[in-house]
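Asker: Dropping in work35.pdb, which is PDB, C-alpha atoms and all ligand atoms:
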ATOM      1  CA  MET F 152       0.000   0.000   0.000
ATOM      2  CA  ILE F 153       1.448   3.362  -1.047
ATOM      3  CA  SER F 154       0.426   6.423   0.905
ATOM      4  CA  ILE F 155       1.454   9.979   0.145
ATOM      5  CA  ASP F 156       2.088  12.221   3.144
ATOM      6  CA  LEU F 157       2.462  15.874   2.184
ATOM      7  CA  SER F 158       1.722  17.234   5.646
ATOM      8  CA  ALA F 159       5.089  19.036   5.840
ATOM      9  CA  GLU F 160       4.396  20.937   2.613
ATOM     10  CA  THR F 161       2.882  24.307   1.750
ATOM     11  CA  TYR F 162       1.905  24.701  -1.894
ATOM     12  CA  LEU F 163       0.927  27.779  -3.867
ATOM     13  CA  VAL F 164      -1.689  26.832  -6.474
ATOM     14  CA  THR F 165      -2.612  29.465  -9.071
ATOM     15  CA  GLY F 166      -5.899  29.333 -10.919
ATOM     16  CA  ALA F 167      -7.000  27.422  -7.849
ATOM     17  CA  ALA F 168     -10.641  28.408  -8.307
ATOM     18  CA  GLY F 169     -10.697  27.009 -11.840
ATOM     19  CA  SER F 170     -11.747  23.549 -12.826
ATOM     20  CA  ILE F 171      -8.329  21.901 -12.718
ATOM     21  CA  GLY F 172      -6.874  24.168 -10.012
ATOM     22  CA  ARG F 173      -9.719  23.359  -7.643
ATOM     23  CA  ALA F 174      -9.323  19.594  -8.153
ATOM     24  CA  VAL F 175      -5.556  19.876  -7.705
ATOM     25  CA  SER F 176      -5.920  21.965  -4.542
ATOM     26  CA  ARG F 177      -8.443  19.629  -2.953
ATOM     27  CA  THR F 178      -6.470  16.485  -3.807
ATOM     28  CA  LEU F 179      -3.179  17.902  -2.538
ATOM     29  CA  ALA F 180      -4.946  18.970   0.661
ATOM     30  CA  THR F 181      -6.333  15.458   1.083
ATOM     31  CA  ALA F 182      -2.711  14.241   1.076
ATOM     32  CA  GLY F 183      -1.968  16.692   3.903
ATOM     33  CA  ALA F 184      -0.496  19.713   2.135
ATOM     34  CA  ALA F 185      -1.438  23.236   3.201
ATOM     35  CA  ILE F 186      -2.742  25.095   0.144
ATOM     36  CA  ILE F 187      -2.433  28.770  -0.730
ATOM     37  CA  VAL F 188      -5.526  28.993  -2.924
ATOM     38  CA  ALA F 189      -4.645  31.799  -5.341
ATOM     39  CA  ASP F 190      -6.855  33.091  -8.115
ATOM     40  CA  LEU F 191      -7.821  36.288  -9.912
ATOM     41  CA  SER F 192     -11.201  35.919  -8.251
ATOM     42  CA  HIS F 193     -10.860  36.305  -4.481
ATOM     43  CA  GLY F 194     -14.461  35.232  -3.901
ATOM     44  CA  ALA F 195     -14.050  32.013  -5.874
ATOM     45  CA  ALA F 196     -10.742  31.298  -4.106
ATOM     46  CA  ASP F 197     -12.514  31.789  -0.770
ATOM     47  CA  ASP F 198     -15.068  29.141  -1.772
ATOM     48  CA  VAL F 199     -12.374  26.578  -2.627
ATOM     49  CA  ALA F 200     -10.450  27.276   0.583
ATOM     50  CA  ALA F 201     -13.663  26.862   2.582
ATOM     51  CA  GLU F 202     -14.293  23.491   0.877
ATOM     52  CA  ILE F 203     -10.788  22.313   1.800
ATOM     53  CA  VAL F 204     -11.162  23.412   5.406
ATOM     54  CA  ALA F 205     -14.610  21.762   5.617
ATOM     55  CA  GLU F 206     -12.949  18.541   4.423
ATOM     56  CA  GLY F 207     -10.389  18.771   7.252
ATOM     57  CA  GLY F 208      -7.568  20.358   5.280
ATOM     58  CA  ARG F 209      -5.519  23.530   5.614
ATOM     59  CA  ALA F 210      -6.001  26.389   3.157
ATOM     60  CA  HIS F 211      -5.715  30.142   2.786
ATOM     61  CA  ALA F 212      -7.410  32.048  -0.035
ATOM     62  CA  THR F 213      -5.740  35.000  -1.692
ATOM     63  CA  ALA F 214      -6.305  37.126  -4.775
ATOM     64  CA  VAL F 215      -3.506  37.176  -7.322
ATOM     65  CA  ASP F 216      -2.947  38.483 -10.811
ATOM     66  CA  ILE F 217      -0.073  36.397 -12.114
ATOM     67  CA  THR F 218       0.611  38.849 -14.932
ATOM     68  CA  GLU F 219       2.043  41.202 -12.278
ATOM     69  CA  ARG F 220       5.173  40.167 -10.390
ATOM     70  CA  GLY F 221       4.241  42.421  -7.455
ATOM     71  CA  SER F 222       0.860  40.764  -7.103
ATOM     72  CA  VAL F 223       2.501  37.337  -6.963
ATOM     73  CA  GLU F 224       5.009  38.552  -4.334
ATOM     74  CA  ARG F 225       2.163  39.906  -2.214
ATOM     75  CA  ALA F 226       0.124  36.685  -2.505
ATOM     76  CA  ALA F 227       3.165  34.544  -1.647
ATOM     77  CA  ASP F 228       3.982  36.718   1.393
ATOM     78  CA  GLU F 229       0.381  36.577   2.600
ATOM     79  CA  GLY F 230       0.194  32.812   2.049
ATOM     80  CA  GLU F 231       3.454  32.199   3.885
ATOM     81  CA  ARG F 232       2.303  34.282   6.846
ATOM     82  CA  ALA F 233      -0.817  32.108   7.049
ATOM     83  CA  LEU F 234       0.585  28.655   6.235
ATOM     84  CA  GLY F 235       4.402  28.706   6.387
ATOM     85  CA  ARG F 236       7.284  28.571   3.898
ATOM     86  CA  ILE F 237       6.248  27.670   0.348
ATOM     87  CA  THR F 238       7.735  24.322  -0.735
ATOM     88  CA  GLY F 239       5.850  23.831  -3.978
ATOM     89  CA  LEU F 240       4.032  25.585  -6.810
ATOM     90  CA  VAL F 241       1.328  24.448  -9.221
ATOM     91  CA  ASN F 242       0.693  26.781 -12.150
ATOM     92  CA  ALA F 243      -2.916  26.028 -13.064
ATOM     93  CA  ALA F 244      -4.028  29.552 -14.014
ATOM     94  CA  GLY F 245      -4.583  30.070 -17.705
ATOM     95  CA  VAL F 246      -6.691  31.579 -20.441
ATOM     96  CA  LEU F 247      -7.748  30.336 -23.863
ATOM     97  CA  ARG F 248      -8.441  32.917 -26.573
ATOM     98  CA  ALA F 249      -9.760  30.992 -29.576
ATOM     99  CA  GLY F 250      -9.838  32.184 -33.163
ATOM    100  CA  ALA F 251      -8.236  31.884 -36.569
ATOM    101  CA  VAL F 252      -4.758  33.334 -36.860
ATOM    102  CA  ASP F 253      -5.940  36.304 -38.939
ATOM    103  CA  GLU F 254      -8.842  36.982 -36.585
ATOM    104  CA  LEU F 255      -7.028  36.973 -33.230
ATOM    105  CA  SER F 256      -6.721  40.514 -31.881
ATOM    106  CA  ASP F 257      -3.613  42.116 -30.434
ATOM    107  CA  ASP F 258      -5.292  41.735 -27.050
ATOM    108  CA  ASP F 259      -5.963  38.011 -27.620
ATOM    109  CA  TRP F 260      -2.285  37.434 -28.370
ATOM    110  CA  ALA F 261      -0.975  39.700 -25.590
ATOM    111  CA  THR F 262      -3.328  38.420 -22.897
ATOM    112  CA  SER F 263      -2.633  34.781 -23.779
ATOM    113  CA  HIS F 264       1.069  35.407 -23.376
ATOM    114  CA  ALA F 265       0.701  37.638 -20.297
ATOM    115  CA  VAL F 266      -1.246  35.012 -18.359
ATOM    116  CA  ASN F 267      -0.005  31.670 -19.678
ATOM    117  CA  ALA F 268       3.661  32.441 -20.357
ATOM    118  CA  THR F 269       4.590  35.555 -18.350
ATOM    119  CA  GLY F 270       2.390  34.395 -15.475
ATOM    120  CA  THR F 271       4.337  31.139 -15.224
ATOM    121  CA  PHE F 272       7.589  33.118 -15.332
ATOM    122  CA  ASN F 273       6.382  35.463 -12.569
ATOM    123  CA  THR F 274       5.287  32.741 -10.171
ATOM    124  CA  THR F 275       8.443  30.721 -10.741
ATOM    125  CA  ARG F 276      10.784  33.656 -10.164
ATOM    126  CA  VAL F 277       8.931  34.634  -6.991
ATOM    127  CA  VAL F 278       8.735  31.144  -5.516
ATOM    128  CA  ALA F 279      12.097  29.637  -6.568
ATOM    129  CA  PRO F 280      14.202  31.711  -4.108
ATOM    130  CA  ARG F 281      11.853  30.732  -1.280
ATOM    131  CA  MET F 282      12.218  27.027  -2.135
ATOM    132  CA  ARG F 283      15.982  27.427  -2.612
ATOM    133  CA  THR F 284      16.208  28.551   1.012
ATOM    134  CA  ALA F 285      14.426  25.363   2.048
ATOM    135  CA  GLY F 286      16.799  23.253  -0.119
ATOM    136  CA  SER F 287      14.049  21.448  -2.016
ATOM    137  CA  GLY F 288      10.843  22.045  -3.866
ATOM    138  CA  SER F 289       8.590  20.979  -6.694
ATOM    139  CA  ILE F 290       6.915  22.934  -9.469
ATOM    140  CA  VAL F 291       4.245  21.597 -11.824
ATOM    141  CA  ASN F 292       3.172  23.648 -14.827
ATOM    142  CA  LEU F 293      -0.093  22.986 -16.645
ATOM    143  CA  ALA F 294       0.928  22.735 -20.280
ATOM    144  CA  SER F 295      -1.241  20.806 -22.751
ATOM    145  CA  VAL F 296      -1.159  18.454 -25.709
ATOM    146  CA  ALA F 297      -1.506  21.795 -27.533
ATOM    147  CA  ALA F 298       2.242  22.252 -26.954
ATOM    148  CA  PHE F 299       2.869  19.278 -29.255
ATOM    149  CA  SER F 300      -0.023  19.199 -31.706
ATOM    150  CA  GLY F 301      -2.025  21.380 -34.030
ATOM    151  CA  SER F 302      -5.725  22.164 -33.945
ATOM    152  CA  ASP F 303      -8.159  24.856 -34.982
ATOM    153  CA  VAL F 304      -8.457  26.031 -31.367
ATOM    154  CA  GLY F 305      -6.184  29.030 -31.587
ATOM    155  CA  SER F 306      -2.546  29.604 -32.373
ATOM    156  CA  ALA F 307      -2.098  32.027 -29.467
ATOM    157  CA  TYR F 308      -3.012  29.282 -27.019
ATOM    158  CA  HIS F 309      -0.755  26.722 -28.711
ATOM    159  CA  ALA F 310       2.156  29.175 -28.766
ATOM    160  CA  THR F 311       1.863  29.901 -25.053
ATOM    161  CA  LYS F 312       1.619  26.225 -24.113
ATOM    162  CA  GLY F 313       4.775  25.615 -26.148
ATOM    163  CA  ALA F 314       6.386  28.420 -24.157
ATOM    164  CA  VAL F 315       5.287  26.844 -20.877
ATOM    165  CA  LEU F 316       6.809  23.529 -21.928
ATOM    166  CA  SER F 317      10.148  25.038 -22.997
ATOM    167  CA  PHE F 318      10.214  27.111 -19.812
ATOM    168  CA  THR F 319       9.611  23.907 -17.829
ATOM    169  CA  TYR F 320      12.618  22.216 -19.434
ATOM    170  CA  ALA F 321      14.862  25.267 -18.966
ATOM    171  CA  THR F 322      13.967  25.865 -15.322
ATOM    172  CA  ALA F 323      14.236  22.150 -14.495
ATOM    173  CA  GLY F 324      17.869  22.305 -15.573
ATOM    174  CA  GLU F 325      18.528  25.609 -13.899
ATOM    175  CA  LEU F 326      16.971  24.769 -10.524
ATOM    176  CA  ALA F 327      18.078  21.126 -10.212
ATOM    177  CA  ALA F 328      21.204  22.062  -8.241
ATOM    178  CA  ASP F 329      18.911  23.665  -5.651
ATOM    179  CA  GLY F 330      16.928  20.431  -5.240
ATOM    180  CA  ILE F 331      13.930  21.929  -7.046
ATOM    181  CA  ARG F 332      12.131  19.692  -9.553
ATOM    182  CA  VAL F 333      10.098  21.215 -12.407
ATOM    183  CA  ASN F 334       7.669  19.223 -14.539
ATOM    184  CA  ALA F 335       4.750  19.764 -16.881
ATOM    185  CA  VAL F 336       1.413  18.005 -17.062
ATOM    186  CA  CYS F 337      -0.179  17.838 -20.486
ATOM    187  CA  PRO F 338      -3.891  17.035 -20.564
ATOM    188  CA  GLY F 339      -5.894  16.498 -23.703
ATOM    189  CA  TRP F 340      -9.449  17.779 -23.447
ATOM    190  CA  VAL F 341     -10.677  18.113 -19.870
ATOM    191  CA  ASP F 342     -14.355  17.914 -18.934
ATOM    192  CA  GLY F 343     -14.437  21.294 -17.170
ATOM    193  CA  GLY F 344     -12.935  24.762 -17.478
ATOM    194  CA  PHE F 345     -12.078  25.735 -21.031
ATOM    195  CA  THR F 346     -14.129  22.911 -22.490
ATOM    196  CA  HIS F 347     -17.199  24.076 -20.607
ATOM    197  CA  HIS F 348     -16.554  27.673 -21.704
ATOM    198  CA  ALA F 349     -16.533  26.403 -25.335
ATOM    199  CA  LEU F 350     -19.680  24.330 -24.812
ATOM    200  CA  ALA F 351     -21.519  27.406 -23.532
ATOM    201  CA  THR F 352     -21.268  29.039 -26.956
ATOM    202  CA  ALA F 353     -21.233  25.940 -29.186
ATOM    203  CA  ALA F 354     -23.933  25.684 -31.851
ATOM    204  CA  ASP F 355     -24.237  21.953 -31.166
ATOM    205  CA  PRO F 356     -22.841  21.111 -27.687
ATOM    206  CA  ALA F 357     -23.666  17.393 -27.977
ATOM    207  CA  ALA F 358     -21.690  17.147 -31.212
ATOM    208  CA  LEU F 359     -18.750  18.979 -29.634
ATOM    209  CA  ILE F 360     -18.754  16.576 -26.670
ATOM    210  CA  ALA F 361     -18.870  13.570 -28.993
ATOM    211  CA  THR F 362     -15.984  14.945 -31.057
ATOM    212  CA  ALA F 363     -13.937  15.729 -27.962
ATOM    213  CA  ASN F 364     -14.524  12.274 -26.511
ATOM    214  CA  SER F 365     -13.565  10.571 -29.775
ATOM    215  CA  MET F 366     -10.193  12.343 -29.898
ATOM    216  CA  HIS F 367      -8.960  10.183 -26.994
ATOM    217  CA  TYR F 368      -8.342   6.447 -27.372
ATOM    218  CA  LEU F 369      -9.980   5.907 -23.985
ATOM    219  CA  GLY F 370     -13.185   7.329 -25.449
ATOM    220  CA  ARG F 371     -13.725  10.250 -23.110
ATOM    221  CA  MET F 372     -12.274  13.523 -21.917
ATOM    222  CA  ALA F 373     -10.199  13.681 -18.737
ATOM    223  CA  THR F 374     -11.886  14.663 -15.508
ATOM    224  CA  PRO F 375     -10.200  17.399 -13.464
ATOM    225  CA  ASP F 376      -9.441  14.662 -10.899
ATOM    226  CA  ASP F 377      -7.563  12.660 -13.575
ATOM    227  CA  VAL F 378      -5.276  15.662 -13.984
ATOM    228  CA  ALA F 379      -4.997  16.201 -10.230
ATOM    229  CA  GLY F 380      -3.761  12.627  -9.760
ATOM    230  CA  ALA F 381      -0.743  13.245 -11.983
ATOM    231  CA  VAL F 382      -0.007  16.558 -10.263
ATOM    232  CA  VAL F 383      -0.087  14.962  -6.809
ATOM    233  CA  TRP F 384       2.290  12.234  -7.955
ATOM    234  CA  LEU F 385       4.728  14.784  -9.402
ATOM    235  CA  MET F 386       4.613  16.896  -6.239
ATOM    236  CA  SER F 387       5.194  13.872  -4.005
ATOM    237  CA  PRO F 388       8.361  11.974  -2.984
ATOM    238  CA  LEU F 389       7.204   9.159  -5.297
ATOM    239  CA  ALA F 390       8.467  11.379  -8.135
ATOM    240  CA  ALA F 391      11.736  12.313  -6.365
ATOM    241  CA  PHE F 392      13.811  11.424  -9.471
ATOM    242  CA  VAL F 393      11.454  12.997 -12.012
ATOM    243  CA  THR F 394      12.326  16.431 -13.369
ATOM    244  CA  GLY F 395      12.167  18.223 -16.709
ATOM    245  CA  THR F 396       9.536  15.968 -18.161
ATOM    246  CA  ALA F 397       6.050  16.202 -19.608
ATOM    247  CA  VAL F 398       3.450  13.821 -18.218
ATOM    248  CA  PHE F 399       0.544  13.243 -20.588
ATOM    249  CA  VAL F 400      -2.867  12.799 -19.013
ATOM    250  CA  ASP F 401      -4.561  12.468 -22.357
ATOM    251  CA  GLY F 402      -6.278   9.086 -22.667
ATOM    252  CA  GLY F 403      -4.087   8.303 -25.670
ATOM    253  CA  TYR F 404      -4.730  11.623 -27.498
ATOM    254  CA  MET F 405      -1.095  12.040 -28.515
ATOM    255  CA  ILE F 406      -0.652   8.576 -29.987
ATOM    256  CA  LYS F 407      -3.893   8.986 -31.904
ATOM    257  CA  HIS F 408      -2.790  12.218 -33.585
TER
HETATM  258  N1  LIG N 501      -9.692  22.446 -19.752
HETATM  259  C1  LIG N 501      -8.927  21.833 -20.620
HETATM  260  O1  LIG N 501      -9.439  21.125 -21.526
HETATM  261  C2  LIG N 501      -7.427  21.922 -20.519
HETATM  262  C3  LIG N 501      -6.644  21.064 -21.314
HETATM  263  C4  LIG N 501      -5.263  21.151 -21.261
HETATM  264  C5  LIG N 501      -4.648  22.079 -20.423
HETATM  265  N2  LIG N 501      -5.437  22.907 -19.665
HETATM  266  C6  LIG N 501      -4.731  23.886 -18.829
HETATM  267  O2  LIG N 501      -5.129  23.771 -17.483
HETATM  268  C7  LIG N 501      -5.115  25.055 -16.856
HETATM  269  C8  LIG N 501      -6.448  25.294 -16.150
HETATM  270  O3  LIG N 501      -7.503  25.218 -17.088
HETATM  271  P1  LIG N 501      -9.019  25.053 -16.641
HETATM  272  O4  LIG N 501      -9.686  24.244 -17.675
HETATM  273  O5  LIG N 501      -9.074  24.636 -15.222
HETATM  274  O6  LIG N 501      -9.527  26.561 -16.817
HETATM  275  P2  LIG N 501     -10.489  27.442 -15.863
HETATM  276  O7  LIG N 501     -10.933  28.582 -16.704
HETATM  277  O8  LIG N 501     -11.507  26.600 -15.197
HETATM  278  O9  LIG N 501      -9.481  27.952 -14.747
HETATM  279  C9  LIG N 501      -8.501  28.919 -14.994
HETATM  280  C10 LIG N 501      -8.364  29.768 -13.741
HETATM  281  O10 LIG N 501      -7.286  30.697 -13.936
HETATM  282  C11 LIG N 501      -7.667  31.925 -13.333
HETATM  283  N3  LIG N 501      -6.919  33.037 -13.934
HETATM  284  C12 LIG N 501      -7.057  33.555 -15.174
HETATM  285  N4  LIG N 501      -6.240  34.611 -15.326
HETATM  286  C13 LIG N 501      -5.555  34.739 -14.160
HETATM  287  C14 LIG N 501      -4.569  35.661 -13.701
HETATM  288  N5  LIG N 501      -4.126  36.672 -14.484
HETATM  289  N6  LIG N 501      -4.088  35.513 -12.453
HETATM  290  C15 LIG N 501      -4.546  34.524 -11.645
HETATM  291  N7  LIG N 501      -5.496  33.627 -12.019
HETATM  292  C16 LIG N 501      -5.995  33.754 -13.273
HETATM  293  C17 LIG N 501      -9.177  32.039 -13.591
HETATM  294  O11 LIG N 501      -9.796  32.945 -12.686
HETATM  295  C18 LIG N 501      -9.629  30.596 -13.414
HETATM  296  O12 LIG N 501     -10.072  30.331 -12.093
HETATM  297  C19 LIG N 501      -4.779  26.078 -17.960
HETATM  298  O13 LIG N 501      -3.422  26.395 -17.906
HETATM  299  C20 LIG N 501      -5.063  25.313 -19.237
HETATM  300  O14 LIG N 501      -4.257  25.746 -20.303
HETATM  301  C21 LIG N 501      -6.793  22.851 -19.692
END
If you convert what's in this file into structure tokens, what do you get?

Answerer:
Amino acid sequence: MISIDLSAETYLVTGAAGSIGRAVSRTLATAGAAIIVADLSHGAADDVAAEIVAEGGRAHATAVDITERGSVERAADEGERALGRITGLVNAAGVLRAGAVDELSDDDWATSHAVNATGTFNTTRVVAPRMRTAGSGSIVNLASVAAFSGSDVGSAYHATKGAVLSFTYATAGELAADGIRVNAVCPGWVDGGFTHHALATAADPAALIATANSMHYLGRMATPDDVAGAVVWLMSPLAAFVTGTAVFVDGGYMIKH
């Protein structure tokens, strides 16, 4: 029987009020970790933190805008005052601006990069020195199969997920000497978050669901909990020798495409 005890850990989770961030936060808390529940929406972060506490876990909600380094510093300081030294980071905040390449606006391109790419840079550069002091740490970045494949979803999104993946590899090498591991998780379609945003405006939601399901050999989309399972493993001592890699949680999406 393998059990994961993360009770000595304090993790900053961004996008923690989103579909995947919430599942990650709750699952990590179940394994004992204290969670700094950070999201653009303070109210939604409060709700997730309250859920974790109601389930017997430890959590502190804070508002953060990851596009601003100062906002990340403030959220990290506040979280550490509440829950102790940060020993891990999960970058689950993100945006998806869809559209054909000649229809994406300057704002679509800039915002995609500001949140997905620069946001990951900001959180990493704020948290890495704190983990370096502790002598160990783990970072998981939400990338996507979009970093490896094409689609008609939106080139801005694909470009930023490629950036997240390359940044993961680079920082894994750079921070290894400090005992800090950095990995990426790459889901296919997830039944939540961005997929639900797309379904809300789809002309034929049932057809979109059927198409999304059929893109995975396992015949369905991932659940947010499927993604959370991989994140918990990467954050845990079970993955002590795993760094600079991309873990696919894609039901066979990549080998089908
Ligand atoms: N849903 C999918 O199908 C899917 C597939 C592959 C990868 N991903 C990745 O997983 C991550 C989470 O996606 P999701 O589906 O849970 O989306 P979601 O929309 O449910 O959650 C995203 C969260 O990020 C927060 N956020 C946005 N901008 C922010 C900012 N500037 N600062 C702080 N927080 C901010 C939002 O408030 C939201 O709570 C993203 O990085 C996404 O690229 C999602």

Asker: For the file shown, what are the residues hit by the PyMOL selection byres (((chain F and resi 189-206) around 7) and not hetatm), laid out as a PDB file with C-alpha atoms, keeping the file's coordinate frame?

Answerer:
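Printed below is result.pdb as written:
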ATOM      1  CA  VAL F 164      -1.689  26.832  -6.474  1.00  0.00           C
ATOM      2  CA  THR F 165      -2.612  29.465  -9.071  1.00  0.00           C
ATOM      3  CA  GLY F 166      -5.899  29.333 -10.919  1.00  0.00           C
ATOM      4  CA  ALA F 167      -7.000  27.422  -7.849  1.00  0.00           C
ATOM      5  CA  ALA F 168     -10.641  28.408  -8.307  1.00  0.00           C
ATOM      6  CA  ARG F 173      -9.719  23.359  -7.643  1.00  0.00           C
ATOM      7  CA  ARG F 177      -8.443  19.629  -2.953  1.00  0.00           C
ATOM      8  CA  ALA F 180      -4.946  18.970   0.661  1.00  0.00           C
ATOM      9  CA  ILE F 187      -2.433  28.770  -0.730  1.00  0.00           C
ATOM     10  CA  VAL F 188      -5.526  28.993  -2.924  1.00  0.00           C
ATOM     11  CA  GLY F 207     -10.389  18.771   7.252  1.00  0.00           C
ATOM     12  CA  GLY F 208      -7.568  20.358   5.280  1.00  0.00           C
ATOM     13  CA  ARG F 209      -5.519  23.530   5.614  1.00  0.00           C
ATOM     14  CA  ALA F 210      -6.001  26.389   3.157  1.00  0.00           C
ATOM     15  CA  HIS F 211      -5.715  30.142   2.786  1.00  0.00           C
ATOM     16  CA  ALA F 212      -7.410  32.048  -0.035  1.00  0.00           C
ATOM     17  CA  THR F 213      -5.740  35.000  -1.692  1.00  0.00           C
ATOM     18  CA  ALA F 214      -6.305  37.126  -4.775  1.00  0.00           C
ATOM     19  CA  VAL F 215      -3.506  37.176  -7.322  1.00  0.00           C
ATOM     20  CA  ASP F 216      -2.947  38.483 -10.811  1.00  0.00           C
TER      21      ASP F 216
END

Asker: Name the closest residue to ligand LIG 501 (chain N) among the candidates F:Phe272, F:Phe299, F:Tyr308, F:Trp340; distances are taken between atoms, counting only C-alpha atoms and all ligand atoms.

Answerer: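 Going through F:Phe272, F:Phe299, F:Tyr308, F:Trp340 one by one, the smallest distance to ligand LIG 501 (chain N) is for F:Trp340.
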
Asker: For each of F:Ser306, F:Thr161, F:Ser295, F:Thr311, take the minimum atom-to-atom distance to F:Tyr404, counting all atoms listed in the file, then give the residue where this is smallest.

Answerer: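 Ranking F:Ser306, F:Thr161, F:Ser295, F:Thr311 by distance to F:Tyr404, first place goes to F:Ser295.
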
Asker: Between atom CA of F:Thr284 and atom CA of F:Ala327, what distance in Å does the model show, to one decimal?

Answerer: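 These atoms are spaced 13.6 Å apart.
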
Asker: Counting all atoms listed in the file, which of F:Gly221, F:Gly270, F:Gly344, F:Pro388 gets nearest to ligand LIG 501 (chain N)?

Answerer: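 The shortest atom-to-atom distance to ligand LIG 501 (chain N) comes from F:Gly344.
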
Asker: So which residues are close to (-12.1, 17.5, -12.6), meaning at most 12 Å away in the file's coordinates with all atoms listed in the file counted, and can you show them as a PyMOL selection string?

Answerer: chain F and resi 168-178+338+340-347+372-380

Asker: Tell me, in Å to one decimal, how far atom CA of F:Ile186 is from atom CA of F:Leu234.

Answerer: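 Taking atom CA of F:Ile186 as the start and atom CA of F:Leu234 as the end point, the length is 7.8 Å.
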
Asker: Using all atoms listed in the file, which residues sit within 12 Å of F:Ala361 once same-chain residues fewer than 2 positions away are excluded, as a PyMOL selection string?

Answerer: chain F and resi 340+342+350+355-359+363-367+370-372

Asker: Evaluating the PyMOL selection byres (((chain F and resi 318) around 12) and not hetatm) on the displayed file yields which residues, as a ChimeraX atom specification?

Answerer: /F:267-273,275-276,290-294,298,311-317,319-326,333-335,395-397

Asker: When you count only C-alpha atoms and all ligand atoms, which of these residues is closest to ligand LIG 501 (chain N): F:Ala307, F:Val278, F:Val383, F:Ala353?

Answerer: F:Ala307

Asker: For ligand LIG 501 (chain N), which residue among F:Glu224, F:Glu160, F:Glu219, F:Asp257 is the nearest when counting all atoms listed in the file?

Answerer: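 Using all atoms listed in the file, ligand LIG 501 (chain N) sits closest to F:Glu219.
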
Asker: Give the padded box for stretch 190-194 of chain F as lines of an AutoDock Vina configuration file: axis-aligned, covering all atoms listed in the file, 8 Å on each side, centre and edge lengths in Å to one decimal.

Answerer:
center_x = -10.7
center_y = 34.7
center_z = -6.9
size_x = 23.6
size_y = 19.2
size_z = 22.0

Asker: Quote the spacing between atom C2 of ligand LIG 501 (chain N) and atom CA of F:Leu369 in Å to one decimal place.

Answerer: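 Those two atoms sit 16.6 Å apart.
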
Asker: Name all residues at most 10 Å from F:Asp156 (count all atoms listed in the file; drop same-chain ones fewer than 4 positions away) and give them as a list in words.

Answerer: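 These residues fall inside the cut-off: Glu160, Leu179, Thr181, Ala182, Gly183, Ala184, Ser387 and Pro388 of chain F.
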
Asker: Determine the residue membership of the PyMOL selection byres (((chain F and resi 252) around 9) and not hetatm) for the file above and supply it as a VMD selection string.

Answerer: chain F and resid 250 to 251 253 to 256 305 to 307

Asker: Do you know which residues are at most 9 Å from stretch 329-332 of chain F counting only C-alpha atoms, after dropping those on the same chain fewer than 6 positions away, and could you put them as a count of residues only?

Answerer: 20

Asker: Point out the residue among F:Val398, F:Arg248, F:Ala297, F:Ile237 with the least atom-to-atom distance to ligand LIG 501 (chain N), counting all atoms listed in the file.

Answerer: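 Smallest distance to ligand LIG 501 (chain N) is found for F:Ala297.
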
Asker: Which residues are close to F:Tyr368, i.e. within 7 Å by all atoms listed in the file, leaving aside same-chain residues fewer than 3 positions away? Reply as a VMD selection string.

Answerer: chain F and resid 402 to 404 407
